[in-house]
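File shown: work.cif. Contents: mmCIF, C-alpha atoms.
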data_my_file
loop_
_atom_site.label_atom_id
_atom_site.label_comp_id
_atom_site.auth_asym_id
_atom_site.auth_seq_id
_atom_site.Cartn_x
_atom_site.Cartn_y
_atom_site.Cartn_z
CA MET Y 1 90.06 122.72 -26.30
CA THR Y 2 89.69 122.54 -30.06
CA ILE Y 3 90.26 119.80 -32.61
CA TRP Y 4 91.07 120.85 -36.16
CA LEU Y 5 90.99 119.20 -39.55
CA VAL Y 6 94.66 119.29 -40.48
CA ALA Y 7 96.04 120.22 -43.92
CA GLY Y 8 92.70 120.27 -45.65
CA ALA Y 9 91.54 117.16 -47.45
CA ALA Y 10 94.91 115.46 -47.53
CA CYS Y 11 94.74 114.39 -43.90
CA GLY Y 12 92.04 112.26 -42.32
CA ALA Y 13 93.26 112.10 -38.74
CA LEU Y 14 92.07 113.51 -35.46
CA VAL Y 15 94.50 116.02 -34.01
CA TRP Y 16 94.00 117.45 -30.54
CA LEU Y 17 95.37 120.94 -30.06
CA PRO Y 18 96.76 122.23 -26.73
CA ASP Y 19 94.57 123.33 -23.86
CA ARG Y 20 92.77 126.59 -24.37
CA PRO Y 21 91.23 128.77 -21.66
CA PRO Y 22 87.54 128.03 -20.97
CA ALA Y 23 84.97 130.21 -22.67
CA GLN Y 24 84.10 133.24 -20.59
CA ALA Y 25 81.36 135.82 -20.76
CA ALA Y 26 81.94 138.29 -23.58
CA HIS Y 27 83.84 141.37 -22.53
CA VAL Y 28 81.94 144.63 -22.77
CA GLU Y 29 84.25 145.62 -25.62
CA ASP Y 30 83.49 142.43 -27.56
CA ARG Y 31 82.34 142.92 -31.12
CA ILE Y 32 81.48 141.12 -34.34
CA ILE Y 33 84.53 140.65 -36.55
CA ALA Y 34 83.03 138.49 -39.29
CA ILE Y 35 79.66 137.40 -40.65
CA VAL Y 36 79.57 134.03 -42.41
CA ASN Y 37 76.13 133.62 -43.94
CA THR Y 38 73.95 133.49 -40.80
CA ASP Y 39 76.81 132.89 -38.35
CA LEU Y 40 78.65 135.59 -36.41
CA ILE Y 41 82.28 135.38 -35.32
CA MET Y 42 83.10 137.46 -32.26
CA LEU Y 43 86.40 139.04 -31.29
CA SER Y 44 86.38 137.08 -28.03
CA GLU Y 45 86.13 133.79 -29.97
CA MET Y 46 89.11 134.65 -32.13
CA ASN Y 47 91.14 135.78 -29.10
CA ARG Y 48 90.49 132.46 -27.32
CA GLU Y 49 91.54 130.49 -30.37
CA LEU Y 50 94.55 132.73 -30.99
CA LYS Y 51 95.89 132.71 -27.41
CA PRO Y 52 98.44 129.81 -27.62
CA GLU Y 53 99.98 131.20 -30.82
CA LYS Y 54 99.88 134.74 -29.46
CA ASP Y 55 101.75 133.65 -26.32
CA ARG Y 56 104.40 131.93 -28.47
CA ILE Y 57 104.85 134.99 -30.68
CA GLN Y 58 105.14 137.31 -27.69
CA ARG Y 59 107.92 135.15 -26.27
CA GLN Y 60 109.82 135.08 -29.57
CA TYR Y 61 109.50 138.57 -31.07
CA ARG Y 62 109.80 142.21 -30.05
CA GLY Y 63 109.01 145.63 -31.50
CA THR Y 64 107.70 146.02 -35.05
CA GLU Y 65 108.29 142.35 -35.85
CA LEU Y 66 106.09 141.40 -32.90
CA THR Y 67 103.33 143.60 -34.30
CA ARG Y 68 103.72 142.10 -37.77
CA GLN Y 69 103.68 138.50 -36.55
CA LEU Y 70 100.62 139.13 -34.37
CA SER Y 71 98.79 140.66 -37.33
CA ILE Y 72 99.60 137.61 -39.49
CA ALA Y 73 98.47 135.25 -36.72
CA GLN Y 74 95.19 137.14 -36.28
CA SER Y 75 94.50 136.99 -40.00
CA MET Y 76 95.26 133.29 -40.26
CA THR Y 77 93.19 132.46 -37.20
CA LEU Y 78 90.16 134.36 -38.47
CA THR Y 79 90.53 132.78 -41.91
CA ALA Y 80 90.61 129.32 -40.34
CA MET Y 81 87.51 130.10 -38.28
CA ILE Y 82 85.63 131.33 -41.36
CA GLU Y 83 86.58 128.25 -43.36
CA ARG Y 84 85.53 125.97 -40.53
CA ARG Y 85 82.15 127.69 -40.25
CA LEU Y 86 81.59 127.31 -43.99
CA GLN Y 87 82.36 123.59 -43.86
CA LEU Y 88 80.10 123.02 -40.85
CA GLN Y 89 77.31 124.94 -42.56
CA GLU Y 90 77.73 122.78 -45.67
CA ALA Y 91 77.67 119.65 -43.51
CA LYS Y 92 74.38 120.76 -42.00
CA ALA Y 93 72.93 121.53 -45.43
CA ARG Y 94 73.99 118.06 -46.62
CA SER Y 95 72.52 116.40 -43.49
CA VAL Y 96 75.91 115.10 -42.40
CA GLU Y 97 75.53 113.72 -38.88
CA VAL Y 98 77.86 112.17 -36.32
CA THR Y 99 76.54 109.56 -33.90
CA ASP Y 100 77.29 109.42 -30.18
CA GLN Y 101 79.04 106.09 -30.77
CA GLU Y 102 81.38 107.69 -33.32
CA VAL Y 103 82.21 110.41 -30.80
CA LYS Y 104 83.00 107.80 -28.13
CA GLN Y 105 85.24 105.90 -30.53
CA ALA Y 106 87.09 109.09 -31.47
CA VAL Y 107 87.62 109.99 -27.81
CA HIS Y 108 88.99 106.49 -27.20
CA GLN Y 109 91.36 106.91 -30.15
CA LEU Y 110 92.62 110.25 -28.87
CA LYS Y 111 93.22 108.81 -25.40
CA GLN Y 112 95.16 105.91 -26.91
CA GLN Y 113 97.37 108.52 -28.58
CA GLY Y 114 98.12 109.94 -25.13
CA GLU Y 115 95.80 112.96 -25.25
CA LYS Y 116 94.24 114.13 -22.01
CA LEU Y 117 90.56 114.64 -22.66
CA ASP Y 118 87.84 115.36 -20.10
CA GLU Y 119 84.74 113.57 -21.42
CA LYS Y 120 82.56 115.38 -18.89
CA ASP Y 121 83.35 118.74 -20.44
CA PRO Y 122 80.62 119.54 -23.01
CA ALA Y 123 83.00 121.84 -24.89
CA ASN Y 124 85.41 118.96 -25.45
CA MET Y 125 82.67 116.68 -26.73
CA LYS Y 126 81.40 119.41 -29.04
CA ALA Y 127 84.90 119.90 -30.44
CA VAL Y 128 85.25 116.17 -31.15
CA ARG Y 129 81.85 116.06 -32.82
CA GLU Y 130 82.72 119.08 -34.98
CA GLN Y 131 85.99 117.51 -36.06
CA LEU Y 132 84.25 114.29 -37.04
CA THR Y 133 81.66 116.31 -38.93
CA LEU Y 134 84.41 118.07 -40.87
CA LEU Y 135 86.04 114.76 -41.73
CA LYS Y 136 82.73 113.30 -42.87
CA VAL Y 137 81.71 116.19 -45.06
CA VAL Y 138 85.13 116.35 -46.73
CA ASP Y 139 85.04 112.57 -47.27
CA ARG Y 140 81.62 112.83 -48.90
CA GLU Y 141 82.08 116.01 -50.92
CA VAL Y 142 85.77 115.77 -51.85
CA ARG Y 143 87.59 112.49 -51.31
CA SER Y 144 84.79 110.29 -52.62
CA GLY Y 145 85.21 111.92 -56.02
CA VAL Y 146 88.99 111.52 -56.28
CA MET Y 147 90.07 108.94 -58.83
CA VAL Y 148 93.67 108.07 -59.65
CA ALA Y 149 94.29 106.56 -63.09
CA ASP Y 150 97.34 104.55 -64.10
CA PRO Y 151 98.50 107.14 -66.69
CA GLU Y 152 98.56 109.78 -63.93
CA MET Y 153 100.71 107.56 -61.75
CA LYS Y 154 103.14 106.80 -64.57
CA ARG Y 155 103.41 110.50 -65.37
CA TYR Y 156 104.13 111.24 -61.71
CA TYR Y 157 106.77 108.48 -61.68
CA ASN Y 158 108.51 109.89 -64.76
CA GLU Y 159 108.41 113.45 -63.42
CA HIS Y 160 109.70 112.53 -59.94
CA ARG Y 161 112.09 109.66 -60.66
CA ASP Y 162 114.71 110.94 -58.23
CA ARG Y 163 112.18 110.44 -55.44
CA PHE Y 164 112.25 106.71 -56.17
CA SER Y 165 115.98 106.33 -56.67
CA LEU Y 166 118.44 104.33 -54.63
CA PRO Y 167 121.67 106.21 -53.74
CA GLU Y 168 125.06 105.39 -55.14
CA GLU Y 169 126.93 102.70 -53.25
CA TYR Y 170 130.66 102.65 -52.62
CA THR Y 171 132.99 99.89 -51.51
CA LEU Y 172 135.86 101.66 -49.74
CA SER Y 173 139.12 101.12 -47.94
CA GLN Y 174 140.91 103.78 -45.93
CA ILE Y 175 144.06 104.63 -44.06
CA LEU Y 176 143.22 106.89 -41.13
CA ILE Y 177 145.91 108.89 -39.36
CA ARG Y 178 144.83 110.57 -36.14
CA PRO Y 179 146.88 113.43 -34.67
CA ARG Y 180 148.02 112.54 -31.16
CA SER Y 181 147.10 116.06 -30.00
CA PRO Y 182 145.94 119.38 -31.50
CA ASP Y 183 149.60 120.38 -31.83
CA ASP Y 184 150.45 117.13 -33.64
CA LEU Y 185 148.53 117.97 -36.84
CA SER Y 186 151.66 118.92 -38.78
CA ASP Y 187 153.36 115.61 -37.89
CA ALA Y 188 150.21 113.68 -38.83
CA THR Y 189 150.03 115.56 -42.14
CA GLU Y 190 153.64 114.70 -42.91
CA LYS Y 191 152.93 111.04 -42.10
CA ALA Y 192 149.90 111.05 -44.41
CA ARG Y 193 151.96 112.58 -47.23
CA THR Y 194 154.54 109.84 -46.76
CA VAL Y 195 151.82 107.20 -47.14
CA VAL Y 196 150.53 108.84 -50.33
CA LYS Y 197 154.08 108.89 -51.71
CA LEU Y 198 154.56 105.19 -50.95
CA LEU Y 199 151.23 104.37 -52.61
CA LYS Y 200 152.31 106.24 -55.74
CA GLN Y 201 155.53 104.19 -55.72
CA GLY Y 202 153.38 101.06 -55.94
CA GLU Y 203 153.33 99.78 -52.36
CA SER Y 204 150.30 97.77 -51.29
CA PHE Y 205 147.41 99.76 -49.80
CA GLU Y 206 146.64 96.86 -47.46
CA ASP Y 207 150.22 96.67 -46.19
CA LEU Y 208 150.39 100.42 -45.60
CA ALA Y 209 147.05 100.31 -43.76
CA LEU Y 210 148.47 97.66 -41.41
CA ARG Y 211 151.61 99.75 -40.80
CA TYR Y 212 150.21 103.27 -40.58
CA SER Y 213 146.42 103.35 -40.10
CA ASP Y 214 144.89 104.26 -36.75
CA GLY Y 215 141.43 103.15 -37.92
CA ALA Y 216 139.51 100.24 -36.45
CA ASN Y 217 139.69 98.48 -39.82
CA ALA Y 218 143.49 98.62 -40.09
CA SER Y 219 143.83 94.88 -39.35
CA ARG Y 220 141.63 94.18 -42.41
CA GLY Y 221 143.90 96.15 -44.68
CA GLY Y 222 141.81 99.26 -44.17
CA ARG Y 223 138.70 97.74 -45.77
CA ILE Y 224 135.53 99.62 -44.78
CA GLY Y 225 133.16 97.74 -47.04
CA LEU Y 226 129.89 98.91 -48.58
CA VAL Y 227 128.53 102.38 -47.75
CA ARG Y 228 125.76 104.40 -49.39
CA GLN Y 229 125.88 107.97 -50.60
CA GLY Y 230 124.91 110.18 -47.69
CA GLU Y 231 126.37 107.88 -45.04
CA LEU Y 232 129.91 109.23 -45.31
CA LEU Y 233 131.39 112.30 -43.68
CA PRO Y 234 130.85 115.22 -46.09
CA ALA Y 235 134.58 115.72 -46.65
CA ILE Y 236 135.05 112.06 -47.57
CA GLU Y 237 131.91 112.11 -49.74
CA ARG Y 238 133.41 114.95 -51.75
CA GLY Y 239 136.79 113.22 -51.91
CA VAL Y 240 135.50 109.96 -53.41
CA ALA Y 241 132.79 111.47 -55.64
CA THR Y 242 135.15 111.87 -58.61
CA LEU Y 243 137.14 108.66 -58.12
CA VAL Y 244 136.89 105.66 -60.41
CA PRO Y 245 137.25 102.11 -59.03
CA GLY Y 246 140.84 101.58 -57.93
CA GLY Y 247 141.41 105.32 -57.51
CA ILE Y 248 142.96 106.74 -54.37
CA SER Y 249 142.03 110.12 -52.91
CA ASP Y 250 144.31 112.89 -51.80
CA VAL Y 251 144.65 113.41 -48.06
CA ILE Y 252 141.20 114.30 -46.69
CA GLN Y 253 140.93 116.11 -43.38
CA SER Y 254 137.89 115.55 -41.17
CA PRO Y 255 137.11 115.87 -37.45
CA GLU Y 256 138.26 112.25 -37.10
CA GLY Y 257 141.70 112.84 -38.57
CA LEU Y 258 143.42 112.49 -41.94
CA HIS Y 259 141.98 109.99 -44.42
CA ILE Y 260 143.45 108.38 -47.50
CA VAL Y 261 140.58 106.58 -49.22
CA ARG Y 262 140.57 104.00 -52.01
CA LEU Y 263 137.42 103.42 -54.06
CA ASP Y 264 137.31 99.64 -54.52
CA ASP Y 265 133.97 99.56 -56.33
CA LYS Y 266 131.11 101.89 -57.21
CA LYS Y 267 127.48 101.05 -57.87
CA PRO Y 268 125.70 103.93 -59.64
CA LYS Y 269 122.38 105.37 -58.55
CA GLN Y 270 119.52 103.06 -59.48
CA PHE Y 271 115.82 103.69 -59.89
CA ARG Y 272 113.21 101.51 -58.28
CA PRO Y 273 110.96 100.02 -60.96
CA TYR Y 274 107.46 101.44 -61.41
CA ASP Y 275 105.71 98.21 -60.35
CA GLU Y 276 107.64 98.25 -57.07
CA VAL Y 277 106.54 101.78 -56.13
CA ARG Y 278 103.08 101.79 -57.73
CA LEU Y 279 101.12 101.78 -54.45
CA GLU Y 280 103.34 104.49 -53.01
CA ILE Y 281 102.74 106.65 -56.08
CA GLN Y 282 99.02 106.01 -55.93
CA SER Y 283 98.93 107.34 -52.38
CA LEU Y 284 100.98 110.43 -53.27
CA VAL Y 285 98.86 111.29 -56.31
CA TYR Y 286 95.66 110.69 -54.34
CA GLN Y 287 96.80 113.04 -51.57
CA GLN Y 288 97.72 115.78 -54.05
CA LYS Y 289 94.47 115.48 -55.99
CA SER Y 290 92.49 115.41 -52.74
CA GLU Y 291 94.16 118.61 -51.58
CA ASP Y 292 93.59 120.31 -54.93
CA MET Y 293 89.92 119.30 -54.95
CA PHE Y 294 89.53 120.40 -51.34
CA GLN Y 295 90.84 123.86 -52.19
CA ASP Y 296 88.49 124.11 -55.17
CA TRP Y 297 85.57 122.98 -53.03
CA LEU Y 298 86.45 125.45 -50.29
CA ALA Y 299 86.79 128.27 -52.83
CA ASP Y 300 83.35 127.39 -54.19
CA LEU Y 301 81.86 127.53 -50.69
CA LYS Y 302 83.35 131.01 -50.25
CA ASN Y 303 82.15 132.21 -53.63
CA LYS Y 304 78.53 131.24 -53.00
CA SER Y 305 78.47 132.49 -49.41
CA TYR Y 306 78.02 135.85 -47.77
CA ILE Y 307 81.25 136.69 -45.95
CA GLU Y 308 81.61 140.10 -44.38
CA ILE Y 309 84.83 140.82 -42.53
CA LYS Y 310 84.84 143.59 -39.96
CA PHE Y 311 88.45 143.14 -38.91
CA GLU Y 312 91.16 145.12 -40.68
CA SER Y 313 93.90 142.44 -40.61
CA ALA Y 314 91.72 139.71 -42.02
CA PRO Y 315 91.70 140.47 -45.77
CA SER Y 316 95.37 139.47 -46.08
CA ALA Y 317 94.84 136.10 -44.40
CA PRO Y 318 95.87 133.05 -46.46
CA SER Y 319 93.62 130.02 -46.70
CA THR Y 320 94.69 127.56 -44.00
CA GLY Y 321 95.29 124.65 -46.33
CA ASP Y 322 96.22 126.42 -49.54
CA PRO Y 323 99.88 126.42 -50.64
CA SER Y 324 99.08 129.45 -52.82
CA PRO Y 325 97.29 131.82 -50.41
CA ARG Y 326 94.19 133.62 -51.63
CA PRO Y 327 92.71 136.57 -49.72
CA LEU Y 328 89.15 136.29 -48.48
CA SER Y 329 86.75 138.57 -50.30
CA THR Y 330 84.52 140.82 -48.29
CA ASN Y 331 80.80 141.23 -48.85
CA THR Y 332 80.64 138.34 -51.32
CA ARG Y 333 77.60 136.33 -52.14
#

File written out as structure tokens:
Amino acid sequence: MTIWLVAGAACGALVWLPDRPPAQAAHVEDRIIAIVNTDLIMLSEMNRELKPEKDRIQRQYRGTELTRQLSIAQSMTLTAMIERRLQLQEAKARSVEVTDQEVKQAVHQLKQQGEKLDEKDPANMKAVREQLTLLKVVDREVRSGVMVADPEMKRYYNEHRDRFSLPEEYTLSQILIRPRSPDDLSDATEKARTVVKLLKQGESFEDLALRYSDGANASRGGRIGLVRQGELLPAIERGVATLVPGGISDVIQSPEGLHIVRLDDKKPKQFRPYDEVRLEIQSLVYQQKSEDMFQDWLADLKNKSYIEIKFESAPSAPSTGDPSPRPLSTNTR
């Protein structure tokens, strides 16, 4: 079993990955596929880590696409292994240590989350300790240096205002005419057209709803009440989008039947004030800056390290946490 640091610096949680086959003696055809400073990565190690994803890909793809997907998975797995080795090496150089008590607490946390974890398996305990080490070194070397200033938060707010908006609100009434059967659509359509004609002649919407509507709100004069943008059926959403208060839609067909909708009132989209969302913005900006700094830190580790890749698919592997993938260099120091 292996625990990974998820999504680079932006996440500080323990995540337990699915069961992996136990380590076995290296096959006679085993070989070195990467050198990371003084550490070696063997083909057998990558194959063990790759196995769950490989099984999934083999179930999903065939032919040339299977080959392509397997090559991508191999590259990404090796890249992740190299990056993990670099971070663990940096943790050792910085004397980052994890106590037995911290390991026990992490195991308890994982079990509370419903993970099945054999504490007697040394490999499991090593994986937990490594994960905690990764979290600690990233906390110390990356997150501890992240500062979020008020001007940054205000700039983020101004650039992402739609993220903090409240949707439009409508107060609606409707007359719903349901076809009695699939063959009754033409009769229902004719009935709906009659209602629209009577409305245009000035008859009361409420009275017509009582007489003609098959909706549950017919006894209330068809009044639906307050609904928010996004809560309506798409066809009705489109039908009322251009109405002004007091306006009545054309006949709108939906899976529920034929609707004639009146817009009684409309409350335009509003934006939550900055002070109300300040803490939310602070968290979002902190996460983004943490991720950016993590990628810079990881790139610096790579640049000052000796990384030799002896596996042909690996050079195209994207960094595991980088939204803009960068290939690993070979023979760099």

So which residues get picked by the PyMOL selection byres ((chain Y and resi 102) around 12) here, written as JSON, numbers by chain?
{"Y": [97, 98, 99, 100, 101, 103, 104, 105, 106, 107, 108, 109, 125, 128, 129, 130, 131, 132, 133, 135, 136]}

Just want the 7 Å neighbourhood of segment 213-230 of chain Y, counted on all atoms listed in the file, with same-chain residues fewer than 5 positions away dropped. Output as a VMD selection string.
chain Y and resid 167 to 178 206 to 207

Those same residues, written as a compact mmCIF listing (two decimals), in the coordinates of the input with C-alpha atoms?
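again-v6.txt written:
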# COMPACT_ATOMS: atom_id res chain seq x y z
CA PRO Y 167 121.67 106.21 -53.74
CA GLU Y 168 125.06 105.39 -55.14
CA GLU Y 169 126.93 102.70 -53.25
CA TYR Y 170 130.66 102.65 -52.62
CA THR Y 171 132.99 99.89 -51.51
CA LEU Y 172 135.86 101.66 -49.74
CA SER Y 173 139.12 101.12 -47.94
CA GLN Y 174 140.91 103.78 -45.93
CA ILE Y 175 144.06 104.63 -44.06
CA LEU Y 176 143.22 106.89 -41.13
CA ILE Y 177 145.91 108.89 -39.36
CA ARG Y 178 144.83 110.57 -36.14
CA GLU Y 206 146.64 96.86 -47.46
CA ASP Y 207 150.22 96.67 -46.19

Expected answer as an MDAnalysis selection string: all residues with atoms within 12 Å of (76.2, 126.9, -42.7), all atoms listed in the file
chainID Y and resid 35:40 82:96 301:302 304:307

Closest of Y:Pro273, Y:Leu279, Y:Gln253, Y:Phe311 to Pro234 of chain Y - atom-to-atom distances counting all atoms listed in the file:
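Ranked by minimum distance to Pro234 of chain Y, first place goes to Y:Gln253.
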
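For the pair atom CA of Asp121 of chain Y and atom CA of Glu49 of chain Y, the interatomic distance is 17.4 Å.
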
Could you check how far atom CA of Ile248 of chain Y sits from atom CA of Val196 of chain Y, in Å to one decimal?
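Computing it gives 8.8 Å between the two atoms.
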
For each of Y:Val146, Y:Ala73, Y:Ile41, Y:Leu78, take the minimum atom-to-atom distance to Arg56 of chain Y, counting all atoms listed in the file, then give the residue where this is smallest.
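With all atoms listed in the file as the atom set, the closest residue is Y:Ala73.
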
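Considering only C-alpha atoms, the residue among Y:His259, Y:Thr67, Y:Thr189, Y:Lys269 positioned nearest to Leu166 of chain Y is Y:Lys269.
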
Using atom CA of Lys111 of chain Y and atom CA of Glu291 of chain Y as the two end points, give the distance in Å to one decimal.
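Calculated distance between atom CA of Lys111 of chain Y and atom CA of Glu291 of chain Y is 28.0 Å.
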
Contact residues around Phe164 of chain Y with all atoms listed in the file at 8 Å, ignoring same-chain residues under 6 positions, as a list in words:
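My reading of the contact set: Tyr157, Phe271, Arg272 and Val277 of chain Y.
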
Around all the atoms of segment 108-117 of chain Y listed in the file, with 5 Å of room on each side, what axis-aligned box do you get, giving centre and edge lengths in Å to one decimal, as AutoDock Vina command-line options?
--center_x 93.6 --center_y 110.3 --center_z -26.1 --size_x 19.1 --size_y 18.7 --size_z 18.1

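Minimum atom-to-atom distance to Pro182 of chain Y, evaluated using all atoms listed in the file, belongs to Y:Glu256 out of Y:Asp292, Y:Glu29, Y:Glu45, Y:Glu256.
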
Ranking Y:Gly257, Y:Tyr286, Y:Gln270, Y:Asp300 by minimum distance to Ser181 of chain Y and counting only C-alpha atoms, which one comes first?
Y:Gly257
